[in-house]
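S.K.: My structure is below; once you've seen it, I'll send some questions.
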There are 2 protein chains.
Amino acid sequence: MGIVIEPTQELRRLQQRIIDAIAAFAAEKGTGAAFAPRPDGAGISQPTVDYVNSFVGPRTGMNYHPHLTVGIGIRKSVDALKAEPFEAFIFRAVSVSLYQGGIPVSHREGSMSSTPADPLPSWNEGPAKQGILAFVAKVTKEGSPDFLPLPDRVAVYDNDGTLWPENPMPFQAAFAIDELKRCILTQPELDSDPMVQAVLAGGLAELLAGEHFDGLMHVLALTHAGMTTDEFRDAVEGWLPSATHPRYGRPYDELTYQPMQELLRFLRANGFKNFIVSGGGADFMRVWVERVYGIPPEQVIGSTARTTFELRDRGPVLTKTIDHLFVNDKEGKPVGIHQFIGRRPAVCCGNSDGDHAMLQYTTINNPRPSLGLIVHHTDGEREYAYDVETKSTGKLVEALKEAPKRGWLIVDMKQDWNTVFGNE
Amino acid sequence: MGIVIEPTQELRRLQQRIIDAIAAFAAEKGTGAAFAPRPDGAGISQPTVDYVNSFVGPRTGMNYHPHLTVGIGIRKSVDALKAEPFEAFIFRAVSVSLYQGGIPVSHREGSMSSTPADPLPSWNEGPAKQGILAFVAKVTKEGSPDFLPLPDRVAVYDNDGTLWPENPMPFQAAFAIDELKRCILTQPELDSDPMVQAVLAGGLAELLAGEHFDGLMHVLALTHAGMTTDEFRDAVEGWLPSATHPRYGRPYDELTYQPMQELLRFLRANGFKNFIVSGGGADFMRVWVERVYGIPPEQVIGSTARTTFELRDRGPVLTKTIDHLFVNDKEGKPVGIHQFIGRRPAVCCGNSDGDHAMLQYTTINNPRPSLGLIVHHTDGEREYAYDVETKSTGKLVEALKEAPKRGWLIVDMKQDWNTVFGNE
């Protein structure tokens with residue numbers, strides 16, 4: 001049997017801080033070898049290994065059920081415990097004592113102090129942080145007229161430029177270029193493709209040139225279509241550990257914004273369901289978002305094209321095409337939100353005019369309380385500075401103009417974030 | 001503070017039985033008037049009303065956190081309790097007693113007996129029921145080589161013919177025809193539309209005639225496009241209580257199959273995330289699925305067409321079109337599953353050849369354990385009998401042929417279900 005403690009926000013935060021503290025030492029896919037050996041020498045069962053590997057996320061945060069498992073001990077163990085005194089540790093159950101069969105279990109008294117922790121430690125004090133805290137406080141307060149029932153706690157986040165950088169080019173474009181280089185090794189005929197030559201020589205500029213993005217479409221057709229969804233997933237999984245960001249020299253998936261990771265967790269801990277709503281490819285993101293953001297694949301809305309289904313000798317396969325391309329950007333974002341989620345979000349975080357429409361959709365004349373937030377890239381030293389003036393793949397002009405009128409929070413990266421990636 | 005009991009499957013089942021027992025008396029949207037009045041005469045706060053209205057689903061089943069809330073009482077209340085003796089009730093916490101400040105709270109002994117309840121009481125004993133129970137037992141048993149980690153517990157269900165009937169016509173087609181009749185009242189010019197005349201005269205046959213379903217497309221354009229998503233939702237919400245099934249004389253949303261409702265709950269209680277994967281329109285289903293099946297809108301995959309986003313004076317609107325129509329049927333179902341969920345399901349329930357591809361996608365060469373299930377409509381007395389021979393909008397020919405080879409469970413409605421709708 002188990003005795004379960006009502007999980008408080010503080011306890012969830014403590015758990016998150018422990019997860020964060022040990023994250024650097026955590027292996028993504030541990031094996032039985034990581035366990036203390038069993039006294040009988042038997043191996044550790046795969047389900048137990050899987051349980052531990054899949055603990056963070058499915059069993060933490062809102063899914064965390066803190067409990068004390070209680071069982072019957074054998075006399076030998078109890079005697080051994082008594083014979084081997086250990087230093088008293090701090091633990092107090094202020095108003096509960098445990099009995100077993102009417103006989104009190106000896107328990108040690110002490111106290112576990114708990115000062116309410118700052119849920120957003122990477123955020124400096126200021127209007128952005130205060131705005132977030134005030135919003136969450138009001139919508140989670142039962143009895144408040146602004147209280148949001150759980151099903152309505154839907155938060156959407158752009159990815160490129162909002163949760164991780166989009167410079168010097170969107171990370172998925174870096175993947176496409178690296179994929180081209182890899183494909184040339186086995187398909188030398190690509191070498192003579194003028195578009196491929198231009199993209200490999202010119203990089204992003206060539207990719208995005210032309211009114212109909214012919215270069216991009218061509219490269220997408222070569223690198224994002226014609227293979228099965230499993231093959232594509234393997235390609236992304238193989239690329240991530242092999243590639244590093246040209247400026248930071250670190251793998252791309254280690255470059256998420258620490259303050260936004262805290263915001264994801266803070267909202268999740270307050271009952272929000274987080275969805276990524278990005279112009280990036282859904283298939284590209286779903287490979288790593290669960291591990292990196294704790295967001296399962298079905299909560300990722302991205303650009304898509306239709307796959308085709310086929311039953312081959314070795315089993316069913318889905319083949320990627322670029323037909324019926326849906327670009328989940330600008331006006332496409334509220335369209336994607338409606339198609340996938342089917343209800344209006346309460347929180348929307350973006351960083352560019354590509355997020356303007358979903359900021360409007362979330363906040364304007366919404367009968368329920370809502371929050372719009374724009375990450376403004378003001379920090380050229382630690383990251384990249386751009387908006388109206390400076391060139392970047394993300395542009396922030398119209399949404400920034402409209403923000404004061406709509407009450408959208410502007411996050412000034414330089415002022416509001418005391419760390420960008422969490423390890424400076 | 002609260003003391004929480006580890007929620008067992010039996011406890012969840014008990015809760016579900018209570019929910020089922022009072023379902024007939026539950027109002028969909030209760031008000032504060034349904035509460036016992038407060039001693040101070042004040043009204044019941046809206047969040048409290050909302051909490052109760054949204055309790056079933058978001059706070060039950062897998063979301064159920066059974067607990068005992070403990071607080072400090074005042075002497076007067078305790079004296080009143082003591083002065084007013086009540087009959088002993090049955091309650092035993094076998095190995096836990098409660099203390100408050102070191103002073104034992106008097107507690108009454110007794111016992112709460114709990115025989116493991118049948119999770120599928122509407123299913124007769126037989127290979128279908130045994131197959132379901134055996135599958136769930138093996139994939140949820142920690143230590144078993146067939147153990148499925150939580151994130152992989154994805155179950156998909158067809159709707160028409162699997163969770164509710166699809167005869168004499170799919171219920172959404174009945175909606176479309178009723179909508180046409182309603183539209184004619186305000187748009188008399190429709191009366192002279194030859195296609196509208198034919199459909200209203202001939203019903204389903206005319207709707208589905210022609211190689212390119214011209215009639216259906218025309219009626220869809222009239223009844224499912226051109227309005228905002230809010231207007232469409234209001235139309236469906238208005239239609240449901242106004243329409244009844246021609247044979248059963250009951251509202252369509254009361255005609256779900258009780259045995260399948262039990263299966264939905266049983267799998268949910270065992271950690272599965274249920275998704276509807278239907279040829280029906282996503283916008284049509286999302287209006288009522290959460291209330292009827294306990295499945296939130298973001299877990300509904302259906303046929304879709306693109307909406308367009310627009311910021312009007314009164315706020316943002318999404319307008320329905322029939323552009324980029326995606327028919328989530330046949331080979332479209334695995335395509336839709338990949339697009340929305342992004343991983344292969346472990347359980348797939350269908351009833352027609354429209355579900356054949358997703359049955360294959362779920363079960364063939366799946367490295368993880370999987371279950372395919374086909375509802376075979378064999379009961380013309382209680383429902384409709386059809387498969388190879390008989391005409392229906394759903395046809396079951398190829399999938400039925402392949403079932404033995406693939407090990408898909410065939411549910412014989414007549415033999416396997418002791419009730420169809422739960423109230424015969």
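Just so we're on the same page: first chain in the structure tokens is A, next is B, and so on; residues restart at 1 for each chain, and ligands are numbered from 1 in the order they show up.
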Computed after least-squares fitting of chain A to chain B on all C-alpha atoms in order, what is the RMSD in Å?
M.R.: 0.1 Å
S.K.: Can you tell me, as a PyMOL selection string, which residues in stretch 40-269 of chain A count as strand (DSSP E or B) by DSSP?
M.R.: chain A and resi 67-69+99-100+103-104+123+154-157+160+164+228
S.K.: For the selection just defined, write its residues with N, CA and C atoms to a file, as a compact mmCIF listing (two decimals), in the first residue's frame.
M.R.:
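So the final result, stored in result09.txt, reads:
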```txt
# COMPACT_ATOMS: atom_id res chain seq x y z
N HIS A 67 4.60 9.70 -2.98
CA HIS A 67 4.01 8.76 -2.04
C HIS A 67 5.09 7.98 -1.31
N LEU A 68 4.64 7.40 -0.26
CA LEU A 68 5.48 6.59 0.59
C LEU A 68 4.94 5.18 0.43
N THR A 69 5.77 4.27 -0.06
CA THR A 69 5.28 2.90 -0.19
C THR A 69 5.53 2.17 1.12
N TYR A 99 1.00 3.93 11.89
CA TYR A 99 0.82 2.76 12.72
C TYR A 99 0.84 1.55 11.82
N GLN A 100 1.30 0.46 12.35
CA GLN A 100 1.20 -0.77 11.57
C GLN A 100 0.62 -1.81 12.50
N ILE A 103 0.62 -0.97 16.14
CA ILE A 103 1.87 -0.72 16.86
C ILE A 103 2.61 0.42 16.18
N PRO A 104 2.92 1.48 16.91
CA PRO A 104 3.54 2.63 16.25
C PRO A 104 4.91 2.28 15.66
N TRP A 123 14.70 34.66 -14.66
CA TRP A 123 14.06 35.91 -15.06
C TRP A 123 14.38 36.98 -14.02
N VAL A 154 -4.66 26.06 -21.98
CA VAL A 154 -3.90 25.67 -23.17
C VAL A 154 -2.89 26.77 -23.47
N ALA A 155 -1.62 26.40 -23.58
CA ALA A 155 -0.58 27.38 -23.88
C ALA A 155 0.12 26.97 -25.17
N VAL A 156 0.33 27.93 -26.07
CA VAL A 156 1.01 27.65 -27.33
C VAL A 156 2.30 28.45 -27.41
N TYR A 157 3.31 27.85 -27.97
CA TYR A 157 4.64 28.45 -28.06
C TYR A 157 5.18 28.28 -29.47
N ASP A 160 11.15 28.41 -33.13
CA ASP A 160 12.34 29.12 -33.61
C ASP A 160 12.32 30.58 -33.18
N TRP A 164 14.17 28.39 -28.81
CA TRP A 164 15.59 28.29 -29.13
C TRP A 164 15.87 29.29 -30.25
N THR A 228 10.72 7.12 -45.95
CA THR A 228 9.66 6.79 -45.01
C THR A 228 9.81 7.68 -43.77
```
S.K.: Record the distance separating atom CA of B:Pro165 and atom CA of B:Gly126, expressed in Å with one decimal.
M.R.: 22.7 Å
S.K.: Hey, what's within 12 Å of B:Ala205 if we count only C-alpha atoms and toss same-chain stuff fewer than 2 positions away? As a list of chain:residue names, please?
M.R.: B:Pro168, B:Met169, B:Ala173, B:Ala198, B:Val199, B:Leu200, B:Ala201, B:Gly202, B:Gly203, B:Leu207, B:Leu208, B:Ala209, B:Gly210, B:Phe213, B:Asp214, B:Gly215, B:Leu216, B:Lys391, B:Ser392, B:Thr393
S.K.: Please produce an output containing N, CA and C atoms for each residue in the selection, written as a JSON list (two decimals), in the first residue's frame.
M.R.:
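Contents of out.json, as written:
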```json
[["chain", "number", "residue", "atom", "x", "y", "z"],
["B", 168, "PRO", "N", -29.51, 4.49, -40.14],
["B", 168, "PRO", "CA", -29.63, 4.27, -41.58],
["B", 168, "PRO", "C", -28.69, 5.15, -42.40],
["B", 169, "MET", "N", -28.07, 6.14, -41.77],
["B", 169, "MET", "CA", -27.04, 6.93, -42.46],
["B", 169, "MET", "C", -26.11, 7.48, -41.37],
["B", 173, "ALA", "N", -24.49, 12.96, -41.64],
["B", 173, "ALA", "CA", -25.27, 13.19, -42.86],
["B", 173, "ALA", "C", -26.69, 13.63, -42.48],
["B", 198, "ALA", "N", -32.97, 17.24, -54.78],
["B", 198, "ALA", "CA", -32.74, 15.80, -54.89],
["B", 198, "ALA", "C", -32.35, 15.20, -53.55],
["B", 199, "VAL", "N", -31.45, 15.89, -52.86],
["B", 199, "VAL", "CA", -30.99, 15.37, -51.57],
["B", 199, "VAL", "C", -32.15, 15.32, -50.58],
["B", 200, "LEU", "N", -32.94, 16.40, -50.55],
["B", 200, "LEU", "CA", -34.04, 16.42, -49.60],
["B", 200, "LEU", "C", -35.09, 15.37, -49.94],
["B", 201, "ALA", "N", -35.23, 15.08, -51.22],
["B", 201, "ALA", "CA", -36.19, 14.07, -51.63],
["B", 201, "ALA", "C", -35.63, 12.66, -51.44],
["B", 202, "GLY", "N", -34.38, 12.50, -51.79],
["B", 202, "GLY", "CA", -33.82, 11.14, -51.81],
["B", 202, "GLY", "C", -32.96, 10.79, -50.63],
["B", 203, "GLY", "N", -32.56, 11.78, -49.87],
["B", 203, "GLY", "CA", -31.71, 11.49, -48.72],
["B", 203, "GLY", "C", -30.35, 11.00, -49.11],
["B", 207, "LEU", "N", -27.07, 11.86, -51.87],
["B", 207, "LEU", "CA", -25.88, 12.47, -51.28],
["B", 207, "LEU", "C", -24.62, 11.78, -51.79],
["B", 208, "LEU", "N", -24.69, 10.45, -51.86],
["B", 208, "LEU", "CA", -23.48, 9.68, -52.14],
["B", 208, "LEU", "C", -23.38, 9.26, -53.60],
["B", 209, "ALA", "N", -24.29, 9.74, -54.46],
["B", 209, "ALA", "CA", -24.27, 9.33, -55.86],
["B", 209, "ALA", "C", -23.12, 10.02, -56.60],
["B", 210, "GLY", "N", -22.73, 9.43, -57.71],
["B", 210, "GLY", "CA", -21.73, 10.05, -58.58],
["B", 210, "GLY", "C", -20.31, 9.72, -58.17],
["B", 213, "PHE", "N", -18.83, 12.32, -55.85],
["B", 213, "PHE", "CA", -19.69, 12.72, -54.74],
["B", 213, "PHE", "C", -20.13, 14.17, -54.87],
["B", 214, "ASP", "N", -20.59, 14.53, -56.10],
["B", 214, "ASP", "CA", -20.94, 15.93, -56.32],
["B", 214, "ASP", "C", -22.02, 16.41, -55.35],
["B", 215, "GLY", "N", -22.99, 15.53, -55.09],
["B", 215, "GLY", "CA", -24.07, 15.90, -54.18],
["B", 215, "GLY", "C", -23.54, 16.18, -52.79],
["B", 216, "LEU", "N", -22.70, 15.26, -52.31],
["B", 216, "LEU", "CA", -22.13, 15.42, -50.98],
["B", 216, "LEU", "C", -21.31, 16.70, -50.88],
["B", 391, "LYS", "N", -26.25, -4.00, -47.53],
["B", 391, "LYS", "CA", -25.81, -2.65, -47.85],
["B", 391, "LYS", "C", -25.83, -1.77, -46.59],
["B", 392, "SER", "N", -24.82, -0.99, -46.46],
["B", 392, "SER", "CA", -24.75, -0.02, -45.38],
["B", 392, "SER", "C", -23.73, 1.01, -45.83],
["B", 393, "THR", "N", -23.65, 2.14, -45.15],
["B", 393, "THR", "CA", -22.60, 3.08, -45.54],
["B", 393, "THR", "C", -21.23, 2.53, -45.17]]
```
S.K.: From the set A:Glu381, A:Asp146, A:Glu237, A:Asp412, which residue has the shortest atom-to-atom contact distance to chain B, counting only C-alpha atoms?
M.R.: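 Selected residue with least distance to chain B: A:Asp146.
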S.K.: Show which residues sit within 9 Å of B:Pro149, as a PyMOL selection string. Count only C-alpha atoms, and ignore same-chain residues fewer than 3 positions away.
M.R.: (chain A and resi 47+50-51+54) or (chain B and resi 139-140+152-153)
S.K.: Give me, as an MDAnalysis selection string, the residues of stretch 68-280 of chain A that a backbone DSSP run labels helix (DSSP H, G or I).
M.R.: chainID A and resid 75:83 127:139 150:152 171:186 188:192 194:202 204:208 214:223 229:242 252:254 258:269
S.K.: Could you name the residues that touch B:Val136 at 12 Å or less, counting only C-alpha atoms, but leaving out those on the same chain fewer than 5 positions away, as a list of chain:residue names?
M.R.: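 These residues fall inside the cut-off: B:Pro119, B:Lys129, B:Gln130, B:Gly131, B:Lys141, B:Glu142, B:Ser144, B:Asp146, B:Phe147, B:Leu148, B:Arg153, B:Ala155, B:Leu263, B:Phe266, B:Leu267, B:Arg268, B:Ala269, B:Asn270, B:Gly271, B:Phe272, B:Ala346, B:Val347, B:Pro369, B:Ser370, B:Leu371.
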S.K.: Find the spatial neighbours of B:Thr307, counting only C-alpha atoms, within a cut-off of 6 Å - ignore same-chain residues fewer than 2 positions away - and output them as a PyMOL selection string.
M.R.: (chain A and resi 335) or (chain B and resi 318-321)
S.K.: Can you tell me how far atom CA of A:Asp387 sits from atom CA of A:Thr162, in Å to one decimal?
M.R.: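 Computing it gives 13.3 Å between the two atoms.
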S.K.: Excluding A:Glu125 and any residue of its chain fewer than 3 positions from it, enumerate the residues within 12 Å of it, using only C-alpha atoms, and give them as a list in words.
M.R.: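 Those residues are Asp118, Leu120, Pro121, Ser122, Ala128, Lys129, Gln130, Gly131, Ile132, Leu133, Val411, Asp412, Gln415, Asp416, Trp417 and Asn418 of chain A.
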S.K.: Write out the residues from the selection above, keeping C-alpha atoms, as a CSV table (one decimal), in the first residue's frame.
M.R.:
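Written output follows (part-v4.csv):
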```csv
chain,number,residue,atom,x,y,z
A,118,ASP,CA,11.0,31.3,-7.3
A,120,LEU,CA,11.3,31.6,-12.8
A,121,PRO,CA,14.9,32.0,-11.3
A,122,SER,CA,16.4,32.9,-14.7
A,128,ALA,CA,7.6,40.7,-17.9
A,129,LYS,CA,8.2,38.4,-15.0
A,130,GLN,CA,5.6,40.2,-12.9
A,131,GLY,CA,3.1,39.9,-15.7
A,132,ILE,CA,3.6,36.2,-16.0
A,133,LEU,CA,3.4,35.6,-12.3
A,411,VAL,CA,10.3,40.2,-22.9
A,412,ASP,CA,13.5,42.2,-23.3
A,415,GLN,CA,17.1,43.1,-19.4
A,416,ASP,CA,14.7,40.3,-18.4
A,417,TRP,CA,16.9,37.2,-18.6
A,418,ASN,CA,19.8,36.7,-16.3
```
S.K.: In Å, rounded to a single decimal, give me how far atom CA of A:Gly32 is from atom CA of A:Gln46.
M.R.: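 If I compute the distance from atom CA of A:Gln46 to atom CA of A:Gly32, I get 7.6 Å.
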S.K.: Please determine, counting only C-alpha atoms, which residue among A:Asp191, A:Glu298, A:Asp79, A:Glu206 has the shortest atom-to-atom distance to chain B.
M.R.: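 Among A:Asp191, A:Glu298, A:Asp79, A:Glu206, it is A:Glu298 that comes nearest to chain B.
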